[in-house]
$ cat coords.cif   # mmCIF, C-alpha atoms
data_coords
loop_
_atom_site.label_atom_id
_atom_site.label_comp_id
_atom_site.auth_asym_id
_atom_site.auth_seq_id
_atom_site.Cartn_x
_atom_site.Cartn_y
_atom_site.Cartn_z
CA MET A 1092 100.98 139.73 125.99
CA ALA A 1093 99.72 140.52 122.51
CA PRO A 1094 99.76 144.19 121.59
CA LEU A 1095 96.44 144.13 119.73
CA VAL A 1096 92.89 143.14 120.55
CA ARG A 1097 92.30 139.63 121.89
CA SER A 1098 89.12 137.73 121.15
CA ILE A 1099 86.21 138.32 123.47
CA VAL A 1100 85.72 134.57 123.40
CA SER A 1101 88.52 134.32 125.96
CA LEU A 1102 86.13 135.75 128.56
CA LEU A 1103 83.36 133.27 127.85
CA SER A 1104 83.06 129.95 129.68
CA LEU A 1105 82.99 126.68 127.78
CA ASP A 1106 81.41 123.59 129.24
CA VAL A 1107 83.45 120.85 127.67
CA ALA A 1108 87.22 120.44 127.64
CA LEU A 1109 88.62 118.66 124.60
CA SER A 1110 90.07 115.26 125.38
CA TYR A 1111 89.91 113.10 122.26
CA PHE A 1112 93.14 112.39 120.41
CA GLU A 1113 93.43 111.64 116.69
CA PRO A 1114 95.88 109.01 115.41
CA ASP A 1115 98.42 111.53 114.11
CA GLN A 1116 98.59 113.10 117.57
CA GLN A 1117 99.52 109.97 119.49
CA GLU A 1118 103.14 111.07 119.77
CA PHE A 1119 102.00 113.75 122.24
CA LEU A 1120 99.51 111.79 124.33
CA GLY A 1121 101.57 112.12 127.50
CA THR A 1122 103.50 114.85 129.22
CA PHE A 1123 107.10 115.24 128.11
CA ASP A 1124 109.28 112.30 129.04
CA ALA A 1125 112.19 112.95 131.39
CA SER A 1126 114.49 111.62 128.69
CA ILE A 1127 114.20 115.01 126.97
CA ASN A 1128 116.64 116.29 129.54
CA GLY A 1129 117.91 113.01 130.88
CA ASP A 1130 116.70 111.10 133.94
CA SER A 1131 117.90 113.89 136.22
CA GLY A 1132 115.39 116.41 134.85
CA TYR A 1133 116.42 120.07 135.09
CA THR A 1134 118.95 121.85 137.32
CA LEU A 1135 118.49 125.27 138.94
CA ALA A 1136 120.29 127.95 136.92
CA ARG A 1137 118.89 131.23 138.26
CA LYS A 1138 116.86 132.23 141.31
CA TYR A 1139 115.07 135.52 142.02
CA VAL A 1140 113.92 136.20 145.58
CA GLY A 1141 113.38 139.58 147.25
CA GLN A 1142 116.11 142.04 146.24
CA ASP A 1143 117.03 139.84 143.26
CA PHE A 1144 114.07 141.32 141.36
CA PHE A 1145 115.58 144.79 141.66
CA ASP A 1146 119.05 143.52 140.79
CA GLY A 1147 118.09 141.12 138.00
CA PHE A 1148 115.18 142.90 136.28
CA ASP A 1149 114.92 146.22 134.45
CA PHE A 1150 112.00 148.59 134.93
CA LYS A 1151 110.88 149.45 131.40
CA THR A 1152 109.62 152.92 130.51
CA PHE A 1153 109.12 152.62 126.75
CA GLU A 1154 105.76 153.10 125.07
CA ASP A 1155 103.24 150.47 126.15
CA PRO A 1156 102.75 148.24 123.06
CA SER A 1157 99.22 147.34 124.20
CA HIS A 1158 98.19 151.02 124.40
CA GLY A 1159 97.33 150.94 128.09
CA ARG A 1160 96.19 153.84 130.24
CA VAL A 1161 99.48 153.91 132.18
CA ASN A 1162 101.83 156.75 133.08
CA ASN A 1163 105.58 157.08 133.58
CA GLU A 1164 105.96 160.65 134.76
CA ASP A 1165 104.02 163.80 135.60
CA THR A 1166 103.41 165.44 132.27
CA GLU A 1167 100.96 167.76 130.58
CA LEU A 1168 101.68 166.35 127.13
CA THR A 1169 98.40 164.73 126.16
CA SER A 1170 99.95 163.47 122.92
CA ALA A 1171 102.71 161.55 124.74
CA PRO A 1172 102.39 157.76 124.53
CA SER A 1173 101.51 155.73 127.61
CA SER A 1174 104.38 154.01 129.36
CA TYR A 1175 105.40 152.66 132.76
CA VAL A 1176 107.24 154.12 135.75
CA SER A 1177 111.00 153.81 136.17
CA ARG A 1178 112.70 151.99 139.03
CA GLN A 1179 113.37 155.30 140.79
CA GLN A 1180 109.78 156.44 140.36
CA ALA A 1181 108.45 153.08 141.56
CA HIS A 1182 110.65 153.26 144.66
CA GLU A 1183 109.84 156.89 145.47
CA ARG A 1184 106.09 156.34 145.04
CA GLY A 1185 105.99 153.11 147.04
CA LEU A 1186 104.98 151.01 144.05
CA ALA A 1187 107.81 148.44 144.22
CA TYR A 1188 109.39 147.18 147.43
CA ILE A 1189 110.39 144.14 149.48
CA ASP A 1190 107.99 143.44 152.32
CA GLU A 1191 108.69 141.95 155.75
CA GLY A 1192 108.43 138.41 154.40
CA ASN A 1193 111.11 139.07 151.74
CA THR A 1194 108.47 138.92 149.03
CA PHE A 1195 108.68 141.26 146.06
CA VAL A 1196 105.69 143.60 145.65
CA MET A 1197 104.74 145.61 142.53
CA LYS A 1198 101.67 147.83 142.65
CA VAL A 1199 99.45 150.00 140.54
CA ASP A 1200 99.00 153.42 142.16
CA ASP A 1201 95.86 153.39 144.33
CA GLN A 1202 96.22 156.79 145.98
CA HIS A 1203 95.79 159.48 143.33
CA THR A 1204 93.31 160.50 140.69
CA VAL A 1205 94.74 161.08 137.22
CA ALA A 1206 94.93 164.80 136.55
CA PRO A 1207 93.56 166.18 133.28
CA GLY A 1208 96.16 165.99 130.54
CA HIS A 1209 98.13 163.19 132.16
CA ARG A 1210 98.66 159.92 130.37
CA GLY A 1211 97.24 157.49 132.89
CA ARG A 1212 97.79 155.76 136.22
CA ASP A 1213 101.24 154.75 137.47
CA SER A 1214 102.01 151.08 136.84
CA ILE A 1215 105.02 148.82 136.31
CA ARG A 1216 106.55 146.53 133.69
CA ILE A 1217 109.78 144.68 134.47
CA GLU A 1218 111.91 142.44 132.21
CA SER A 1219 114.71 140.07 133.15
CA GLN A 1220 118.21 141.24 132.28
CA GLU A 1221 119.13 137.69 131.25
CA ASP A 1222 117.72 135.79 128.29
CA PHE A 1223 116.50 132.22 128.62
CA GLY A 1224 115.79 129.43 126.15
CA ASN A 1225 114.68 125.84 126.65
CA GLY A 1226 114.16 124.82 130.24
CA VAL A 1227 111.68 125.24 133.07
CA ILE A 1228 110.45 128.42 134.75
CA ILE A 1229 108.62 128.19 138.10
CA LEU A 1230 106.86 131.14 139.72
CA ASP A 1231 105.75 131.10 143.36
CA VAL A 1232 103.26 133.97 143.63
CA ARG A 1233 100.89 134.88 146.47
CA HIS A 1234 98.84 137.63 144.83
CA ILE A 1235 98.20 138.92 141.31
CA PRO A 1236 96.61 142.20 140.20
CA THR A 1237 92.84 142.07 139.91
CA GLY A 1238 89.93 144.43 139.34
CA CYS A 1239 88.20 146.27 136.53
CA ALA A 1240 90.55 147.77 133.90
CA THR A 1241 93.53 145.62 134.99
CA TRP A 1242 95.51 143.46 132.57
CA PRO A 1243 98.18 141.50 134.47
CA ALA A 1244 100.55 139.18 132.65
CA PHE A 1245 103.50 136.91 133.41
CA TRP A 1246 105.12 136.02 130.10
CA THR A 1247 108.28 135.61 128.05
CA LEU A 1248 109.22 137.40 124.85
CA GLY A 1249 111.87 137.18 122.13
CA ALA A 1250 114.06 140.07 121.06
CA GLY A 1251 112.95 140.13 117.42
CA ASN A 1252 110.40 142.33 115.72
CA TRP A 1253 107.22 140.91 117.26
CA PRO A 1254 106.07 138.22 116.69
CA ASN A 1255 109.43 137.01 115.33
CA GLY A 1256 111.16 135.16 118.15
CA GLY A 1257 107.83 134.20 119.68
CA GLU A 1258 105.85 135.08 122.79
CA ILE A 1259 104.75 132.73 125.58
CA ASP A 1260 101.99 133.94 127.92
CA ILE A 1261 101.96 131.89 131.11
CA LEU A 1262 99.48 133.85 133.23
CA GLU A 1263 97.18 136.46 131.72
CA GLY A 1264 93.66 137.82 131.99
CA VAL A 1265 91.70 141.05 132.15
CA ASN A 1266 89.27 142.98 134.34
CA GLY A 1267 89.56 140.41 137.15
CA VAL A 1268 87.09 138.04 135.49
CA GLY A 1269 87.37 134.61 133.91
CA THR A 1270 90.25 132.20 134.36
CA ASN A 1271 93.91 132.16 133.35
CA GLN A 1272 94.70 132.01 129.65
CA ALA A 1273 98.02 130.62 128.34
CA THR A 1274 98.87 131.61 124.78
CA LEU A 1275 101.60 131.37 122.15
CA HIS A 1276 102.09 134.14 119.57
CA THR A 1277 104.29 133.41 116.58
CA SER A 1278 105.13 134.24 113.01
CA SER A 1279 103.47 132.17 110.27
CA GLY A 1280 103.79 128.40 110.11
CA CYS A 1281 103.02 127.38 113.71
CA THR A 1282 99.75 125.58 114.43
CA MET A 1283 98.46 123.19 117.08
CA PRO A 1284 96.56 119.92 116.60
CA ASN A 1285 92.80 120.09 117.11
CA HIS A 1286 93.04 118.21 120.40
CA ILE A 1287 95.70 118.44 123.10
CA ASN A 1288 96.53 116.35 126.14
CA ALA A 1289 95.85 118.96 128.78
CA THR A 1290 93.18 119.74 131.36
CA GLY A 1291 92.42 123.20 129.95
CA THR A 1292 90.14 124.23 127.09
CA GLN A 1293 91.73 124.93 123.72
CA LEU A 1294 90.67 128.29 122.22
CA ASP A 1295 92.49 128.46 118.88
CA THR A 1296 94.87 126.27 116.93
CA ASN A 1297 96.76 128.82 114.83
CA CYS A 1298 99.53 130.56 116.74
CA ALA A 1299 100.44 132.96 113.92
CA ILE A 1300 99.19 136.47 114.67
CA ALA A 1301 98.66 137.29 111.00
CA THR A 1302 95.85 134.76 110.65
CA ASN A 1303 93.62 135.44 113.67
CA GLU A 1304 93.83 139.14 114.59
CA ASP A 1305 96.75 138.60 116.99
CA HIS A 1306 94.87 136.13 119.18
CA GLY A 1307 97.53 133.43 118.94
CA CYS A 1308 96.81 129.87 120.06
CA GLY A 1309 95.40 129.89 123.55
CA VAL A 1310 94.37 127.42 126.24
CA ARG A 1311 92.09 128.44 129.09
CA ASP A 1312 92.55 126.93 132.54
CA ASN A 1313 89.11 125.70 133.61
CA ARG A 1314 89.67 126.31 137.32
CA GLN A 1315 88.20 129.47 138.83
CA GLU A 1316 91.12 129.73 141.26
CA SER A 1317 93.57 130.13 138.37
CA PHE A 1318 92.93 133.89 138.07
CA GLY A 1319 91.52 136.98 139.73
CA ALA A 1320 90.09 137.25 143.23
CA ALA A 1321 89.68 133.47 143.48
CA PHE A 1322 93.43 133.06 142.84
CA ASN A 1323 94.22 135.55 145.59
CA ARG A 1324 91.82 133.99 148.10
CA GLU A 1325 93.91 130.82 147.81
CA ASN A 1326 97.08 132.85 148.49
CA GLY A 1327 98.06 132.09 144.92
CA GLY A 1328 100.26 129.12 144.17
CA TRP A 1329 102.86 127.89 141.71
CA LEU A 1330 102.94 128.30 137.93
CA ALA A 1331 105.41 126.34 135.82
CA MET A 1332 106.31 126.46 132.13
CA GLN A 1333 108.45 123.84 130.40
CA ARG A 1334 109.88 124.76 127.03
CA ALA A 1335 111.58 122.14 124.85
CA ASN A 1336 111.96 121.54 121.12
CA GLU A 1337 109.27 118.89 121.50
CA GLY A 1338 106.75 121.44 122.74
CA ILE A 1339 105.69 123.81 125.51
CA GLN A 1340 103.63 122.88 128.58
CA MET A 1341 102.26 124.75 131.59
CA TRP A 1342 101.03 123.76 135.05
CA TYR A 1343 99.32 125.55 137.92
CA TRP A 1344 99.02 124.30 141.50
CA PRO A 1345 96.93 126.29 144.01
CA ARG A 1346 98.85 126.83 147.25
CA TYR A 1347 96.86 124.40 149.36
CA SER A 1348 96.58 121.66 146.73
CA HIS A 1349 98.83 118.65 146.21
CA VAL A 1350 101.98 120.34 144.90
CA PRO A 1351 104.99 118.33 143.68
CA GLU A 1352 107.72 118.45 146.33
CA ASP A 1353 110.42 119.67 143.93
CA VAL A 1354 108.19 122.59 142.95
CA LYS A 1355 106.99 123.50 146.42
CA ASN A 1356 110.42 123.33 148.01
CA GLY A 1357 112.28 125.12 145.23
CA GLU A 1358 114.69 122.22 144.93
CA GLN A 1359 117.94 122.24 142.95
CA LYS A 1360 116.51 119.72 140.48
CA VAL A 1361 112.98 119.37 139.10
CA ASN A 1362 111.43 116.71 136.91
CA PRO A 1363 108.26 117.68 134.99
CA SER A 1364 107.60 114.06 134.05
CA ASN A 1365 106.38 113.60 137.64
CA TRP A 1366 103.97 116.55 137.62
CA GLY A 1367 100.96 114.99 135.95
CA LYS A 1368 98.92 116.43 133.10
CA PRO A 1369 99.46 120.16 132.40
CA PHE A 1370 96.61 122.61 132.03
CA ALA A 1371 98.10 123.79 128.72
CA ALA A 1372 100.11 121.92 126.09
CA PHE A 1373 101.53 123.13 122.79
CA PRO A 1374 103.16 120.19 120.97
CA SER A 1375 105.65 120.56 118.14
CA THR A 1376 103.72 118.21 115.85
CA HIS A 1377 102.73 121.13 113.61
CA CYS A 1378 105.11 123.81 114.87
CA ASP A 1379 108.91 123.97 114.82
CA ILE A 1380 109.45 125.27 118.34
CA ALA A 1381 113.18 125.82 117.87
CA ASN A 1382 112.53 127.90 114.75
CA HIS A 1383 109.70 130.03 116.17
CA PHE A 1384 111.06 130.72 119.67
CA ASP A 1385 114.47 132.24 120.34
CA GLN A 1386 116.04 133.43 123.61
CA HIS A 1387 113.42 135.15 125.76
CA LYS A 1388 113.17 137.76 128.49
CA ILE A 1389 110.88 137.01 131.44
CA ILE A 1390 108.31 139.79 131.90
CA PHE A 1391 105.80 140.90 134.53
CA SER A 1392 103.42 143.68 133.54
CA THR A 1393 100.19 145.31 134.64
CA THR A 1394 98.67 147.51 132.01
CA LEU A 1395 95.33 149.26 132.39
CA CYS A 1396 92.60 149.27 129.76
CA GLY A 1397 94.53 148.84 126.50
CA ASP A 1398 93.73 146.59 123.58
CA TRP A 1399 92.30 143.68 125.58
CA ALA A 1400 91.06 144.96 128.96
CA GLY A 1401 89.70 148.10 127.34
CA ALA A 1402 88.04 146.25 124.47
CA THR A 1403 86.23 143.86 126.82
CA TYR A 1404 85.61 146.29 129.69
CA SER A 1405 81.87 146.71 129.18
CA GLN A 1406 81.35 142.95 128.78
CA SER A 1407 83.10 142.33 132.11
CA GLY A 1408 80.45 143.96 134.29
CA CYS A 1409 82.62 147.01 135.00
CA PRO A 1410 81.19 150.49 135.68
CA GLY A 1411 81.35 153.52 133.40
CA THR A 1412 84.16 153.62 130.87
CA CYS A 1413 87.59 152.11 131.24
CA GLN A 1414 89.35 155.47 131.05
CA SER A 1415 87.05 157.16 133.57
CA HIS A 1416 87.50 154.21 135.95
CA VAL A 1417 91.28 154.41 135.72
CA ASP A 1418 91.41 158.19 136.01
CA GLY A 1419 88.89 158.87 138.72
CA TYR A 1420 88.79 155.92 141.12
CA PRO A 1421 92.18 155.20 142.72
CA GLY A 1422 90.63 153.04 145.44
CA ALA A 1423 89.44 150.60 142.79
CA PHE A 1424 93.08 149.54 142.37
CA LYS A 1425 93.64 148.51 145.97
CA TYR A 1426 94.12 144.89 144.88
CA ALA A 1427 96.07 145.61 141.69
CA TYR A 1428 99.42 144.30 142.90
CA TRP A 1429 101.84 141.39 142.52
CA LYS A 1430 103.24 139.65 145.59
CA ILE A 1431 105.94 137.22 144.55
CA ASN A 1432 107.72 134.73 146.79
CA GLY A 1433 110.23 133.71 144.15
CA LEU A 1434 111.03 132.84 140.56
CA ARG A 1435 113.33 129.98 139.54
CA VAL A 1436 114.77 129.08 136.16
CA TYR A 1437 116.03 125.56 135.42
CA HIS A 1438 118.15 124.29 132.55
#
$ encode --input "coords.cif" --output "structure tokens"
Amino acid sequence: MAPLVRSIVSLLSLDVALSYFEPDQQEFLGTFDASINGDSGYTLARKYVGQDFFDGFDFKTFEDPSHGRVNNEDTELTSAPSSYVSRQQAHERGLAYIDEGNTFVMKVDDQHTVAPGHRGRDSIRIESQEDFGNGVIILDVRHIPTGCATWPAFWTLGAGNWPNGGEIDILEGVNGVGTNQATLHTSSGCTMPNHINATGTQLDTNCAIATNEDHGCGVRDNRQESFGAAFNRENGGWLAMQRANEGIQMWYWPRYSHVPEDVKNGEQKVNPSNWGKPFAAFPSTHCDIANHFDQHKIIFSTTLCGDWAGATYSQSGCPGTCQSHVDGYPGAFKYAYWKINGLRVYH
């Protein structure tokens, strides 16, 4: 999730997805071949279900890099930076728990108004304790945060001084409108070809934040059910990201669609070469993936307002101002929660 303002163009709908391929792009006309990781595909290396999210992720309370209207403790210090609640605070306030179906739930507070002088509304950001490199990540999620002022993201991030080490946004959007946007953010020297072999709509070709006001190179999923209330009405689905030196690809399958059996069943081995065309593809033809992306943490976050949701709030059909909405209307955040069946990492 980029810490500065994203382009408003990400909220606009485009009518035509790019599908033409130039001669110098023929090496990436298909999805990655299984030979990248051998005929056997990828093997399960780490699984997070239920309590595993408490045991294998850290609740981060540092300053929110996207300047969100979030709070980590009761304080009267108006000059204090916004940050997120700790594990103990999340537990005590009923914002993170395991429900009766052994699904992991993370919520934005929907019970209290924000008192004058406080930094914002309680919310959560968690990061995996382990680092991961090339491989496949599959998320089975039933519900994502939605509503005005919300900025949910499922992403991975390197340990370097951002953007060194790279950032990979797998699911992201703001204010509950539009569709999912997948994005790479890198240091200089990483670009994408003008046309990609994916079902989504390409938004930008330069992944380097220094050249396009931190937008990165994004691809928008054209399906309404890929984000927001439409995503949740379908009881979510599965998101997958494959990272290899040859490139990065992402898929999304709504829950009641035709889902590959290895994905749906959480099998010990998965093979992306059988999954069909991704919605987003970032080939290595003009970007050295190994050089721009190091070991990454897996992150779930829900910020409020901030550099993207706040900047596009009025264009999203939302009432009043972003800050007044966050501070004064707790009931508006009734649906601002994650409900996760499981997360699997394959090597």
$ resolve_selection --input "coords.cif" --expression "the PyMOL selection byres ((chain A and resi 1426) around 10)" --output "list in words"
Lys1198, Val1199, Asp1201, His1234, Ile1235, Pro1236, Thr1237, Gly1238, Thr1241, Gly1319, Ala1320, Asn1323, Gly1422, Ala1423, Phe1424, Lys1425, Ala1427, Tyr1428 and Trp1429 of chain A
$ write_last_selection --input "coords.cif" --atoms "C-alpha atoms" --output "PDB file, in the frame of the given file"
ATOM      1  CA  LYS A1198     101.670 147.830 142.650  1.00  0.00           C
ATOM      2  CA  VAL A1199      99.450 150.000 140.540  1.00  0.00           C
ATOM      3  CA  ASP A1201      95.860 153.390 144.330  1.00  0.00           C
ATOM      4  CA  HIS A1234      98.840 137.630 144.830  1.00  0.00           C
ATOM      5  CA  ILE A1235      98.200 138.920 141.310  1.00  0.00           C
ATOM      6  CA  PRO A1236      96.610 142.200 140.200  1.00  0.00           C
ATOM      7  CA  THR A1237      92.840 142.070 139.910  1.00  0.00           C
ATOM      8  CA  GLY A1238      89.930 144.430 139.340  1.00  0.00           C
ATOM      9  CA  THR A1241      93.530 145.620 134.990  1.00  0.00           C
ATOM     10  CA  GLY A1319      91.520 136.980 139.730  1.00  0.00           C
ATOM     11  CA  ALA A1320      90.090 137.250 143.230  1.00  0.00           C
ATOM     12  CA  ASN A1323      94.220 135.550 145.590  1.00  0.00           C
ATOM     13  CA  GLY A1422      90.630 153.040 145.440  1.00  0.00           C
ATOM     14  CA  ALA A1423      89.440 150.600 142.790  1.00  0.00           C
ATOM     15  CA  PHE A1424      93.080 149.540 142.370  1.00  0.00           C
ATOM     16  CA  LYS A1425      93.640 148.510 145.970  1.00  0.00           C
ATOM     17  CA  ALA A1427      96.070 145.610 141.690  1.00  0.00           C
ATOM     18  CA  TYR A1428      99.420 144.300 142.900  1.00  0.00           C
ATOM     19  CA  TRP A1429     101.840 141.390 142.520  1.00  0.00           C
TER      20      TRP A1429
END
$ atom_distance --input "coords.cif" --atom1 "atom CA of A:Arg1216" --atom2 "atom CA of A:Thr1292"
28.5 Å
$ closest_residue --input "coords.cif" --among "A:Ser1375, A:Thr1394, A:Asn1326, A:Thr1302" --to "A:Tyr1347" --atoms "only C-alpha atoms"
A:Asn1326
$ residues_around --input "coords.cif" --residues "A:Gln1386" --least-positions-apart "3" --cutoff "6 Å" --atoms "only C-alpha atoms" --output "number ranges by chain"
A: 1222-1224, 1249
$ closest_residue --input "coords.cif" --among "A:Asn1365, A:Thr1393, A:Gln1220, A:Thr1277" --to "A:Gly1159" --atoms "only C-alpha atoms"
A:Thr1393
$ closest_residue --input "coords.cif" --among "A:His1276, A:Arg1184, A:His1416, A:Arg1324" --to "A:Gly1211" --atoms "all atoms listed in the file"
A:His1416
$ closest_residue --input "coords.cif" --among "A:Pro1156, A:Pro1284, A:Gly1192, A:Pro1207" --to "A:Gln1414" --atoms "only C-alpha atoms"
A:Pro1207
$ resolve_selection --input "coords.cif" --expression "the PyMOL selection byres ((chain A and resi 1309) around 6)" --output "list in words"
Ala1273, Thr1274, Leu1294, Asp1295, Cys1308 and Val1310 of chain A
$ write_last_selection --input "coords.cif" --atoms "C-alpha atoms" --output "CSV table (one decimal), in the frame of the given file"
chain,number,residue,atom,x,y,z
A,1273,ALA,CA,98.0,130.6,128.3
A,1274,THR,CA,98.9,131.6,124.8
A,1294,LEU,CA,90.7,128.3,122.2
A,1295,ASP,CA,92.5,128.5,118.9
A,1308,CYS,CA,96.8,129.9,120.1
A,1310,VAL,CA,94.4,127.4,126.2
$ residues_near_point --input "coords.cif" --point "(95.6, 155.2, 136.3)" --cutoff "10 Å" --atoms "all atoms listed in the file" --output "PyMOL selection string"
chain A and resi 1159-1162+1199-1206+1209-1214+1240-1241+1394-1396+1413-1421+1424
$ write_last_selection --input "coords.cif" --atoms "C-alpha atoms" --output "mmCIF file, in the frame of the given file"
data_model
loop_
_atom_site.group_PDB
_atom_site.id
_atom_site.type_symbol
_atom_site.label_atom_id
_atom_site.label_comp_id
_atom_site.auth_asym_id
_atom_site.auth_seq_id
_atom_site.Cartn_x
_atom_site.Cartn_y
_atom_site.Cartn_z
ATOM 1 C CA GLY A 1159 97.330 150.940 128.090
ATOM 2 C CA ARG A 1160 96.190 153.840 130.240
ATOM 3 C CA VAL A 1161 99.480 153.910 132.180
ATOM 4 C CA ASN A 1162 101.830 156.750 133.080
ATOM 5 C CA VAL A 1199 99.450 150.000 140.540
ATOM 6 C CA ASP A 1200 99.000 153.420 142.160
ATOM 7 C CA ASP A 1201 95.860 153.390 144.330
ATOM 8 C CA GLN A 1202 96.220 156.790 145.980
ATOM 9 C CA HIS A 1203 95.790 159.480 143.330
ATOM 10 C CA THR A 1204 93.310 160.500 140.690
ATOM 11 C CA VAL A 1205 94.740 161.080 137.220
ATOM 12 C CA ALA A 1206 94.930 164.800 136.550
ATOM 13 C CA HIS A 1209 98.130 163.190 132.160
ATOM 14 C CA ARG A 1210 98.660 159.920 130.370
ATOM 15 C CA GLY A 1211 97.240 157.490 132.890
ATOM 16 C CA ARG A 1212 97.790 155.760 136.220
ATOM 17 C CA ASP A 1213 101.240 154.750 137.470
ATOM 18 C CA SER A 1214 102.010 151.080 136.840
ATOM 19 C CA ALA A 1240 90.550 147.770 133.900
ATOM 20 C CA THR A 1241 93.530 145.620 134.990
ATOM 21 C CA THR A 1394 98.670 147.510 132.010
ATOM 22 C CA LEU A 1395 95.330 149.260 132.390
ATOM 23 C CA CYS A 1396 92.600 149.270 129.760
ATOM 24 C CA CYS A 1413 87.590 152.110 131.240
ATOM 25 C CA GLN A 1414 89.350 155.470 131.050
ATOM 26 C CA SER A 1415 87.050 157.160 133.570
ATOM 27 C CA HIS A 1416 87.500 154.210 135.950
ATOM 28 C CA VAL A 1417 91.280 154.410 135.720
ATOM 29 C CA ASP A 1418 91.410 158.190 136.010
ATOM 30 C CA GLY A 1419 88.890 158.870 138.720
ATOM 31 C CA TYR A 1420 88.790 155.920 141.120
ATOM 32 C CA PRO A 1421 92.180 155.200 142.720
ATOM 33 C CA PHE A 1424 93.080 149.540 142.370
#
